[in-house]
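Only one structure is covered here, and it is reproduced in the block below.
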Amino acid sequence: MIFDENYTVPKMIKNSAELYAEVEAQQKRVKNGQFEPVLYREMYQLGLDFGAALLSIGVKRGDPIGLICDNRAEWLYVDLGIMNIGAVDVPRGCDATPIDLEKILSITEAKYVVTENGTQVAKILSLKEKLPELKIIISVEKNAKEETLAEAKANGVEVLFYEDLMKTGAKWRIENKGKIEEELEKGKGDELATIIFTSGTTGTPKGVMLTHHNFLAQLDELPERIYLNPGDRALSVLPVWHVYEREVEYVILIQGGCLCYSKPVGSILLADIKTLNPTLLPAVPRVFEAVYDGITKKMRKTGGIVLGMFNFFVKIAKMQKAMSRRMFKQNACYSRYYTVFWWILCFIPWCLLWPLYGLGNLLVFRKIKAMLGTNFRAGIAGGGAFPKFIDEFFWAIGVEIVEGYGLTETAPIVAVRPLAAPVFRTIGSPLRGIETRIVDPQDGFVLGRCKEGVLQIKGPTVMKGYFKRPDLTAKVINEEGWLDTGDLAIMSIHDEITIKGRIKDTIVLRGGENLEPVPIETKLSESKFIKQAVVVGQDMRYLAALILVDEEEVKNYASFNGIQYDTYENLLESEVIQKLYETEIANLISAKNGFKMFERIAKFTLITKPFEVGVELSAKQDVMRFRINELYKEKIAAMFVE
């Protein structure tokens, strides 16, 4: 490790502010849609000012502070201010529902909450009866309504504004010279930096406790794999409170890079790329998929010879790059690799395809690359699985996109494909200092390389535990300190990891949204027409469900409504029964029942065979999801045909 036990995130930021004082730390979006630079020395001082303001209103080391905000420059100053004094942020985005906020703020007993605007202030005040500890709400924007302020006063809650507090903090620092800097220096690496809640609104919330060392341990090697020069810009479109975004920011800031907040919306993202000309684009796979969709749709719309050229040159590029990967050892190796054989087999066709590839680059690929700017070095896909066809496309046309992997519980990065030596369809080898192993999903025995099993992690990035839930912590971290990821993986002979699937319940969509399927399935089972439901959608854009129908109820419905049919199977396929289930599902999994938009069921398939112990069910009669994925592979795949 390059960091001692007293090193913290604020001390890392302080060091960067000293090394890169006059370098741009941020490009801050202003009201007219333009950007203005914030230098490292300015960013550091703004963090100190906010920390001082918190001290002035009574915040103490270790206090949990709610931080409800979306991507904006002020988020970083607030976050740094909280950590500067040893307090602990409890973050969430502005899309958090009242149920979300009630859970995370009540569990942590937060007395202080920082919000983005008046809307969030009102949302939190509506929960005051369930948040008896709440004392102060701080709003970044000064737009709370008068009735909201009156309601706060009536409930004994003080509403303060960021702009005023920053002035208070600056004044307090003059009157208490060196005090905030002393608090920063008191920080220890094993102190909590944040508590990030991972579950959906309808699941049991799990507050992941992450220390400063959890975040900093990854920075021992990450800058070697994802490298920046001072002043290089990175476009950040991830939710700023998400653990992946947090670590991305630290990777950028330790190297003197520049943070530029954008949004994963096509028109905004492309406009910001044109304006800011970034070097890196860390994002969830859906963003890169959207770029791919945009390119291919534009080609199809143009049609004719342009479309023909595009398809031809992409096909040539994929063939040529596939040969390159075999010749230059850029594929994961699971047995002895005969490099000479591949050179003999591929060299001549590889050479013959090279001029065509160069022509394709000149006529087609160069124009695509220009959309990403002249400084673009790479994209980093994380927060969900990177689809093979997207990976193959960008690799073929010469746009570097590398895939990383991690969990909130590992702060989060376990591995990332290095820019300098990428291996196709892998996440690279584990970061320095992180141990990994593959175990049998049935008996837990440790497996060797090249065998598929459950990935387990051990090392300084592993969380301190789940907040106030030692029972849940014990379920995922054993006595030896190994964290069970619940992900199926295989390790090559060179230690590169390929994620193969998921064995635990949590589903991660392609956009990085984490959700628990059990509450959705439980709600669906409330319908008299549904005996059991299994929600699927890991690494997909949306959720789908296998619905085990209640035959008796369906037949009763048909009889009551005078529906004629010849076979039961044809009845289930009929438009009226399909519409029945569509309506049932939509009514149950809805906003009024506390479900988020990404938790909705987009497609479903009706099945009739009851689940059996030893087949689909465990001895405890729990659904074995990895078995469901195997047994119903074709039905599941059909629901995700796009």
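So you can find residues: chains in the structure tokens are A, B, ... in the order shown, residues in each start at 1, and ligands are numbered from 1 in order.
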
Sort by chain and increasing residue number a table of all residues of stretch 335-400 of chain A within 12 Å of stretch 485-494 of chain A, each with its closest pair of atoms and their distance in Å to one decimal, counting only C-alpha atoms, and write it as JSON lines.
{"residue": "A:Ser335", "atom": "CA", "partner": "A:Ile493", "partner_atom": "CA", "distance": 7.1}
{"residue": "A:Arg336", "atom": "CA", "partner": "A:Ile493", "partner_atom": "CA", "distance": 8.7}
{"residue": "A:Tyr337", "atom": "CA", "partner": "A:Ile493", "partner_atom": "CA", "distance": 10.0}
{"residue": "A:Gly384", "atom": "CA", "partner": "A:Asp487", "partner_atom": "CA", "distance": 11.9}
{"residue": "A:Ala385", "atom": "CA", "partner": "A:Asp487", "partner_atom": "CA", "distance": 11.4}

Using all heavy atoms, can you write the selected residues to a file as a PDB file, in the first residue's frame?
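File selection27.pdb, as written:
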ATOM      1  N   SER A 335      -6.337 -22.453 -21.405  1.00  0.00           N
ATOM      2  CA  SER A 335      -5.533 -23.657 -21.598  1.00  0.00           C
ATOM      3  C   SER A 335      -4.221 -23.218 -22.254  1.00  0.00           C
ATOM      4  O   SER A 335      -4.003 -22.033 -22.482  1.00  0.00           O
ATOM      5  CB  SER A 335      -6.272 -24.670 -22.479  1.00  0.00           C
ATOM      6  OG  SER A 335      -6.522 -24.116 -23.760  1.00  0.00           O
ATOM      7  N   ARG A 336      -3.379 -24.153 -22.554  1.00  0.00           N
ATOM      8  CA  ARG A 336      -2.113 -23.810 -23.205  1.00  0.00           C
ATOM      9  C   ARG A 336      -2.395 -23.099 -24.521  1.00  0.00           C
ATOM     10  O   ARG A 336      -3.245 -23.519 -25.296  1.00  0.00           O
ATOM     11  CB  ARG A 336      -1.288 -25.067 -23.454  1.00  0.00           C
ATOM     12  CG  ARG A 336       0.110 -24.759 -23.969  1.00  0.00           C
ATOM     13  CD  ARG A 336       0.947 -26.027 -24.059  1.00  0.00           C
ATOM     14  NE  ARG A 336       2.273 -25.724 -24.578  1.00  0.00           N
ATOM     15  CZ  ARG A 336       3.212 -26.640 -24.812  1.00  0.00           C
ATOM     16  NH1 ARG A 336       2.947 -27.919 -24.540  1.00  0.00           N
ATOM     17  NH2 ARG A 336       4.384 -26.292 -25.291  1.00  0.00           N
ATOM     18  N   TYR A 337      -1.685 -22.016 -24.754  1.00  0.00           N
ATOM     19  CA  TYR A 337      -1.965 -21.173 -25.923  1.00  0.00           C
ATOM     20  C   TYR A 337      -0.846 -21.318 -26.950  1.00  0.00           C
ATOM     21  O   TYR A 337       0.330 -21.092 -26.650  1.00  0.00           O
ATOM     22  CB  TYR A 337      -2.085 -19.708 -25.479  1.00  0.00           C
ATOM     23  CG  TYR A 337      -2.741 -18.812 -26.504  1.00  0.00           C
ATOM     24  CD1 TYR A 337      -4.127 -18.777 -26.634  1.00  0.00           C
ATOM     25  CD2 TYR A 337      -1.980 -18.004 -27.342  1.00  0.00           C
ATOM     26  CE1 TYR A 337      -4.739 -17.957 -27.568  1.00  0.00           C
ATOM     27  CE2 TYR A 337      -2.583 -17.178 -28.280  1.00  0.00           C
ATOM     28  CZ  TYR A 337      -3.962 -17.163 -28.385  1.00  0.00           C
ATOM     29  OH  TYR A 337      -4.570 -16.346 -29.311  1.00  0.00           O
ATOM     30  N   GLY A 384     -22.592  -2.395 -14.387  1.00  0.00           N
ATOM     31  CA  GLY A 384     -23.414  -3.403 -15.048  1.00  0.00           C
ATOM     32  C   GLY A 384     -22.556  -4.089 -16.095  1.00  0.00           C
ATOM     33  O   GLY A 384     -21.478  -3.607 -16.443  1.00  0.00           O
ATOM     34  N   ALA A 385     -23.018  -5.230 -16.598  1.00  0.00           N
ATOM     35  CA  ALA A 385     -22.224  -5.982 -17.572  1.00  0.00           C
ATOM     36  C   ALA A 385     -22.193  -5.270 -18.919  1.00  0.00           C
ATOM     37  O   ALA A 385     -23.187  -4.718 -19.368  1.00  0.00           O
ATOM     38  CB  ALA A 385     -22.781  -7.386 -17.730  1.00  0.00           C
TER      39      ALA A 385
END

Residues within 12 Å of A:Asn361, only C-alpha atoms, excluding chain neighbours under 5 positions, as a list in words: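 Close residues of A:Asn361: Met309, Phe310, Phe312, Phe313, Val314, Ile316, Ala317, Trp354, Pro355, Leu356, Arg366, Lys367, Ile368, Lys369, Ala370, Ala396, Ile397, Gly398 and Val399 of chain A.
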
Leaving out A:Ile348 and any residue of its chain fewer than 5 positions from it, which residues lie within 12 Å of it when counting only C-alpha atoms, given as a list of chain:residue names? A:Gln320, A:Met323, A:Ser324, A:Met327, A:Trp342, A:Trp343, A:Leu353, A:Trp354

Mind checking which residues fall within 12 Å of A:Ile530, counting only C-alpha atoms, ignoring those fewer than 5 positions away in the same chain, and posting them as an mmCIF file with all heavy atoms, in the first residue's frame?
data_model
loop_
_atom_site.group_PDB
_atom_site.id
_atom_site.type_symbol
_atom_site.label_atom_id
_atom_site.label_comp_id
_atom_site.auth_asym_id
_atom_site.auth_seq_id
_atom_site.Cartn_x
_atom_site.Cartn_y
_atom_site.Cartn_z
ATOM 1 N N GLU A 521 -41.510 -9.945 -6.703
ATOM 2 C CA GLU A 521 -42.121 -11.259 -6.860
ATOM 3 C C GLU A 521 -43.217 -11.493 -5.821
ATOM 4 O O GLU A 521 -44.271 -12.067 -6.116
ATOM 5 C CB GLU A 521 -41.040 -12.340 -6.759
ATOM 6 C CG GLU A 521 -40.068 -12.315 -7.920
ATOM 7 C CD GLU A 521 -38.777 -13.050 -7.627
ATOM 8 O OE1 GLU A 521 -38.578 -13.466 -6.466
ATOM 9 O OE2 GLU A 521 -37.963 -13.210 -8.554
ATOM 10 N N THR A 522 -42.956 -11.039 -4.612
ATOM 11 C CA THR A 522 -43.944 -11.184 -3.543
ATOM 12 C C THR A 522 -45.212 -10.409 -3.879
ATOM 13 O O THR A 522 -46.333 -10.890 -3.663
ATOM 14 C CB THR A 522 -43.364 -10.688 -2.210
ATOM 15 O OG1 THR A 522 -42.178 -11.432 -1.911
ATOM 16 C CG2 THR A 522 -44.371 -10.852 -1.081
ATOM 17 N N LYS A 523 -45.024 -9.201 -4.402
ATOM 18 C CA LYS A 523 -46.180 -8.382 -4.767
ATOM 19 C C LYS A 523 -46.963 -9.021 -5.907
ATOM 20 O O LYS A 523 -48.205 -9.039 -5.882
ATOM 21 C CB LYS A 523 -45.706 -6.983 -5.177
ATOM 22 C CG LYS A 523 -46.836 -5.955 -5.312
ATOM 23 C CD LYS A 523 -47.462 -5.658 -3.956
ATOM 24 C CE LYS A 523 -48.570 -4.638 -4.060
ATOM 25 N NZ LYS A 523 -49.227 -4.404 -2.759
ATOM 26 N N LEU A 524 -46.264 -9.558 -6.889
ATOM 27 C CA LEU A 524 -46.939 -10.210 -8.011
ATOM 28 C C LEU A 524 -47.762 -11.408 -7.547
ATOM 29 O O LEU A 524 -48.849 -11.676 -8.071
ATOM 30 C CB LEU A 524 -45.903 -10.666 -9.051
ATOM 31 C CG LEU A 524 -45.237 -9.569 -9.888
ATOM 32 C CD1 LEU A 524 -44.096 -10.141 -10.712
ATOM 33 C CD2 LEU A 524 -46.252 -8.872 -10.785
ATOM 34 N N SER A 525 -47.255 -12.092 -6.546
ATOM 35 C CA SER A 525 -47.953 -13.279 -6.047
ATOM 36 C C SER A 525 -49.246 -12.939 -5.315
ATOM 37 O O SER A 525 -50.019 -13.844 -4.977
ATOM 38 C CB SER A 525 -47.026 -14.081 -5.125
ATOM 39 O OG SER A 525 -45.897 -14.545 -5.840
ATOM 40 N N ALA A 545 -40.443 -11.124 -16.449
ATOM 41 C CA ALA A 545 -40.830 -12.078 -15.414
ATOM 42 C C ALA A 545 -41.373 -13.359 -16.006
ATOM 43 O O ALA A 545 -42.070 -13.352 -17.025
ATOM 44 C CB ALA A 545 -41.879 -11.455 -14.497
ATOM 45 N N LEU A 546 -41.013 -14.466 -15.360
ATOM 46 C CA LEU A 546 -41.650 -15.753 -15.626
ATOM 47 C C LEU A 546 -42.811 -15.870 -14.644
ATOM 48 O O LEU A 546 -42.614 -15.758 -13.431
ATOM 49 C CB LEU A 546 -40.665 -16.900 -15.410
ATOM 50 C CG LEU A 546 -39.471 -16.978 -16.363
ATOM 51 C CD1 LEU A 546 -38.464 -17.996 -15.866
ATOM 52 C CD2 LEU A 546 -39.934 -17.333 -17.770
ATOM 53 N N ILE A 547 -44.012 -16.073 -15.154
ATOM 54 C CA ILE A 547 -45.216 -16.102 -14.321
ATOM 55 C C ILE A 547 -45.798 -17.517 -14.310
ATOM 56 O O ILE A 547 -46.232 -18.027 -15.353
ATOM 57 C CB ILE A 547 -46.283 -15.116 -14.851
ATOM 58 C CG1 ILE A 547 -45.715 -13.694 -14.946
ATOM 59 C CG2 ILE A 547 -47.528 -15.160 -13.984
ATOM 60 C CD1 ILE A 547 -45.361 -13.069 -13.623
ATOM 61 N N LEU A 548 -45.783 -18.152 -13.144
ATOM 62 C CA LEU A 548 -46.417 -19.457 -12.989
ATOM 63 C C LEU A 548 -47.901 -19.225 -12.731
ATOM 64 O O LEU A 548 -48.281 -18.665 -11.712
ATOM 65 C CB LEU A 548 -45.783 -20.228 -11.828
ATOM 66 C CG LEU A 548 -46.351 -21.615 -11.529
ATOM 67 C CD1 LEU A 548 -46.209 -22.530 -12.735
ATOM 68 C CD2 LEU A 548 -45.656 -22.219 -10.312
ATOM 69 N N VAL A 549 -48.736 -19.642 -13.675
ATOM 70 C CA VAL A 549 -50.158 -19.306 -13.620
ATOM 71 C C VAL A 549 -50.918 -20.237 -12.676
ATOM 72 O O VAL A 549 -50.516 -21.375 -12.434
ATOM 73 C CB VAL A 549 -50.794 -19.371 -15.027
ATOM 74 C CG1 VAL A 549 -50.097 -18.432 -15.972
ATOM 75 C CG2 VAL A 549 -50.759 -20.792 -15.569
ATOM 76 N N ASP A 550 -52.003 -19.725 -12.155
ATOM 77 C CA ASP A 550 -52.931 -20.536 -11.364
ATOM 78 C C ASP A 550 -54.000 -21.053 -12.328
ATOM 79 O O ASP A 550 -54.906 -20.316 -12.733
ATOM 80 C CB ASP A 550 -53.552 -19.697 -10.250
ATOM 81 C CG ASP A 550 -54.344 -20.548 -9.270
ATOM 82 O OD1 ASP A 550 -55.191 -21.340 -9.739
ATOM 83 O OD2 ASP A 550 -54.123 -20.421 -8.056
ATOM 84 N N GLU A 551 -53.880 -22.322 -12.697
ATOM 85 C CA GLU A 551 -54.744 -22.890 -13.738
ATOM 86 C C GLU A 551 -56.224 -22.784 -13.391
ATOM 87 O O GLU A 551 -57.050 -22.415 -14.232
ATOM 88 C CB GLU A 551 -54.363 -24.352 -13.976
ATOM 89 C CG GLU A 551 -55.164 -25.014 -15.081
ATOM 90 C CD GLU A 551 -54.685 -26.422 -15.384
ATOM 91 O OE1 GLU A 551 -53.582 -26.796 -14.914
ATOM 92 O OE2 GLU A 551 -55.407 -27.143 -16.103
ATOM 93 N N GLU A 552 -56.558 -23.090 -12.165
ATOM 94 C CA GLU A 552 -57.964 -23.070 -11.759
ATOM 95 C C GLU A 552 -58.567 -21.681 -11.893
ATOM 96 O O GLU A 552 -59.683 -21.508 -12.407
ATOM 97 C CB GLU A 552 -58.097 -23.570 -10.319
ATOM 98 C CG GLU A 552 -59.543 -23.634 -9.825
ATOM 99 C CD GLU A 552 -59.646 -24.139 -8.405
ATOM 100 O OE1 GLU A 552 -58.609 -24.520 -7.813
ATOM 101 O OE2 GLU A 552 -60.779 -24.137 -7.865
ATOM 102 N N GLU A 553 -57.837 -20.674 -11.440
ATOM 103 C CA GLU A 553 -58.347 -19.304 -11.502
ATOM 104 C C GLU A 553 -58.489 -18.821 -12.942
ATOM 105 O O GLU A 553 -59.433 -18.105 -13.278
ATOM 106 C CB GLU A 553 -57.417 -18.362 -10.718
ATOM 107 C CG GLU A 553 -57.449 -18.552 -9.220
ATOM 108 C CD GLU A 553 -58.773 -18.121 -8.607
ATOM 109 O OE1 GLU A 553 -59.575 -17.441 -9.295
ATOM 110 O OE2 GLU A 553 -59.012 -18.464 -7.434
ATOM 111 N N VAL A 554 -57.523 -19.196 -13.784
ATOM 112 C CA VAL A 554 -57.584 -18.782 -15.182
ATOM 113 C C VAL A 554 -58.801 -19.399 -15.865
ATOM 114 O O VAL A 554 -59.535 -18.734 -16.614
ATOM 115 C CB VAL A 554 -56.286 -19.171 -15.931
ATOM 116 C CG1 VAL A 554 -56.444 -18.944 -17.434
ATOM 117 C CG2 VAL A 554 -55.113 -18.346 -15.422
ATOM 118 N N LEU A 580 -55.114 -9.754 -19.540
ATOM 119 C CA LEU A 580 -55.432 -9.901 -18.119
ATOM 120 C C LEU A 580 -54.164 -9.833 -17.274
ATOM 121 O O LEU A 580 -54.090 -9.086 -16.293
ATOM 122 C CB LEU A 580 -56.145 -11.238 -17.884
ATOM 123 C CG LEU A 580 -56.265 -11.701 -16.423
ATOM 124 C CD1 LEU A 580 -57.187 -10.781 -15.641
ATOM 125 C CD2 LEU A 580 -56.753 -13.152 -16.357
ATOM 126 N N TYR A 581 -53.150 -10.604 -17.666
ATOM 127 C CA TYR A 581 -51.901 -10.631 -16.895
ATOM 128 C C TYR A 581 -51.140 -9.310 -17.031
ATOM 129 O O TYR A 581 -50.510 -8.847 -16.069
ATOM 130 C CB TYR A 581 -51.034 -11.811 -17.333
ATOM 131 C CG TYR A 581 -51.446 -13.098 -16.653
ATOM 132 C CD1 TYR A 581 -52.337 -13.964 -17.256
ATOM 133 C CD2 TYR A 581 -50.959 -13.425 -15.393
ATOM 134 C CE1 TYR A 581 -52.740 -15.139 -16.633
ATOM 135 C CE2 TYR A 581 -51.342 -14.590 -14.756
ATOM 136 C CZ TYR A 581 -52.239 -15.443 -15.372
ATOM 137 O OH TYR A 581 -52.629 -16.588 -14.734
ATOM 138 N N GLU A 582 -51.193 -8.717 -18.192
ATOM 139 C CA GLU A 582 -50.540 -7.415 -18.388
ATOM 140 C C GLU A 582 -51.120 -6.378 -17.423
ATOM 141 O O GLU A 582 -50.373 -5.605 -16.796
ATOM 142 C CB GLU A 582 -50.725 -6.958 -19.831
ATOM 143 C CG GLU A 582 -50.063 -5.624 -20.154
ATOM 144 C CD GLU A 582 -50.285 -5.237 -21.609
ATOM 145 O OE1 GLU A 582 -50.502 -6.137 -22.449
ATOM 146 O OE2 GLU A 582 -50.268 -4.034 -21.893
ATOM 147 N N GLU A 584 -52.840 -7.023 -14.567
ATOM 148 C CA GLU A 584 -52.531 -7.424 -13.189
ATOM 149 C C GLU A 584 -51.130 -6.967 -12.791
ATOM 150 O O GLU A 584 -50.926 -6.386 -11.722
ATOM 151 C CB GLU A 584 -52.636 -8.949 -13.060
ATOM 152 C CG GLU A 584 -54.040 -9.495 -13.079
ATOM 153 C CD GLU A 584 -54.768 -9.265 -11.768
ATOM 154 O OE1 GLU A 584 -54.278 -9.710 -10.727
ATOM 155 O OE2 GLU A 584 -55.825 -8.604 -11.793
ATOM 156 N N ILE A 585 -50.171 -7.241 -13.658
ATOM 157 C CA ILE A 585 -48.777 -6.894 -13.365
ATOM 158 C C ILE A 585 -48.597 -5.383 -13.260
ATOM 159 O O ILE A 585 -47.940 -4.879 -12.335
ATOM 160 C CB ILE A 585 -47.853 -7.484 -14.451
ATOM 161 C CG1 ILE A 585 -47.840 -9.020 -14.350
ATOM 162 C CG2 ILE A 585 -46.433 -6.929 -14.325
ATOM 163 C CD1 ILE A 585 -47.177 -9.707 -15.525
ATOM 164 N N LEU A 588 -50.052 -4.020 -9.983
ATOM 165 C CA LEU A 588 -49.321 -4.413 -8.778
ATOM 166 C C LEU A 588 -47.960 -3.726 -8.682
ATOM 167 O O LEU A 588 -47.583 -3.221 -7.623
ATOM 168 C CB LEU A 588 -49.139 -5.936 -8.754
ATOM 169 C CG LEU A 588 -50.404 -6.758 -8.499
ATOM 170 C CD1 LEU A 588 -50.174 -8.218 -8.834
ATOM 171 C CD2 LEU A 588 -50.855 -6.600 -7.053
ATOM 172 N N THR A 605 -43.651 -13.956 -19.461
ATOM 173 C CA THR A 605 -43.967 -15.217 -20.119
ATOM 174 C C THR A 605 -44.728 -16.092 -19.130
ATOM 175 O O THR A 605 -44.293 -16.243 -17.969
ATOM 176 C CB THR A 605 -42.690 -15.954 -20.574
ATOM 177 O OG1 THR A 605 -42.049 -15.184 -21.593
ATOM 178 C CG2 THR A 605 -43.009 -17.332 -21.118
ATOM 179 N N LEU A 606 -45.832 -16.643 -19.564
ATOM 180 C CA LEU A 606 -46.641 -17.503 -18.708
ATOM 181 C C LEU A 606 -46.128 -18.941 -18.796
ATOM 182 O O LEU A 606 -45.912 -19.469 -19.881
ATOM 183 C CB LEU A 606 -48.113 -17.449 -19.133
ATOM 184 C CG LEU A 606 -48.771 -16.061 -19.136
ATOM 185 C CD1 LEU A 606 -50.233 -16.179 -19.538
ATOM 186 C CD2 LEU A 606 -48.648 -15.387 -17.774
ATOM 187 N N ILE A 607 -45.920 -19.569 -17.634
ATOM 188 C CA ILE A 607 -45.486 -20.965 -17.588
ATOM 189 C C ILE A 607 -46.471 -21.757 -16.736
ATOM 190 O O ILE A 607 -47.160 -21.199 -15.879
ATOM 191 C CB ILE A 607 -44.051 -21.102 -17.036
ATOM 192 C CG1 ILE A 607 -43.933 -20.459 -15.651
ATOM 193 C CG2 ILE A 607 -43.044 -20.484 -17.992
ATOM 194 C CD1 ILE A 607 -42.563 -20.623 -15.013
ATOM 195 N N THR A 608 -46.532 -23.069 -16.983
ATOM 196 C CA THR A 608 -47.553 -23.893 -16.328
ATOM 197 C C THR A 608 -46.986 -24.977 -15.428
ATOM 198 O O THR A 608 -47.697 -25.498 -14.571
ATOM 199 C CB THR A 608 -48.440 -24.561 -17.395
ATOM 200 O OG1 THR A 608 -47.617 -25.335 -18.275
ATOM 201 C CG2 THR A 608 -49.188 -23.506 -18.210
ATOM 202 N N PRO A 610 -45.347 -26.523 -12.342
ATOM 203 C CA PRO A 610 -45.021 -26.109 -10.970
ATOM 204 C C PRO A 610 -43.542 -26.320 -10.665
ATOM 205 O O PRO A 610 -42.926 -27.281 -11.148
ATOM 206 C CB PRO A 610 -45.900 -27.025 -10.113
ATOM 207 C CG PRO A 610 -47.001 -27.458 -11.015
ATOM 208 C CD PRO A 610 -46.390 -27.559 -12.375
#

Backbone DSSP call of strand (DSSP E) for stretch 260-473 of chain A, listed as an MDAnalysis selection string: chainID A and resid 260:261 280:283 378:381 401:406 413:416 435:439 446:447 453:458 465:466

Could you tell me which of A:Arg286, A:Lys171, A:Lys301, A:Arg233 comes closest to A:Ile273 if we count only C-alpha atoms? A:Arg233

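The space separating atom CA of A:Ser574 from atom CA of A:Ile589 comes to 22.7 Å.
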
Have a look at A:Val615, A:Val265, A:Glu224, A:Arg449 and name the one nearest to A:Arg417; count only C-alpha atoms.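 So, comparing all the options, the nearest one is A:Glu224.
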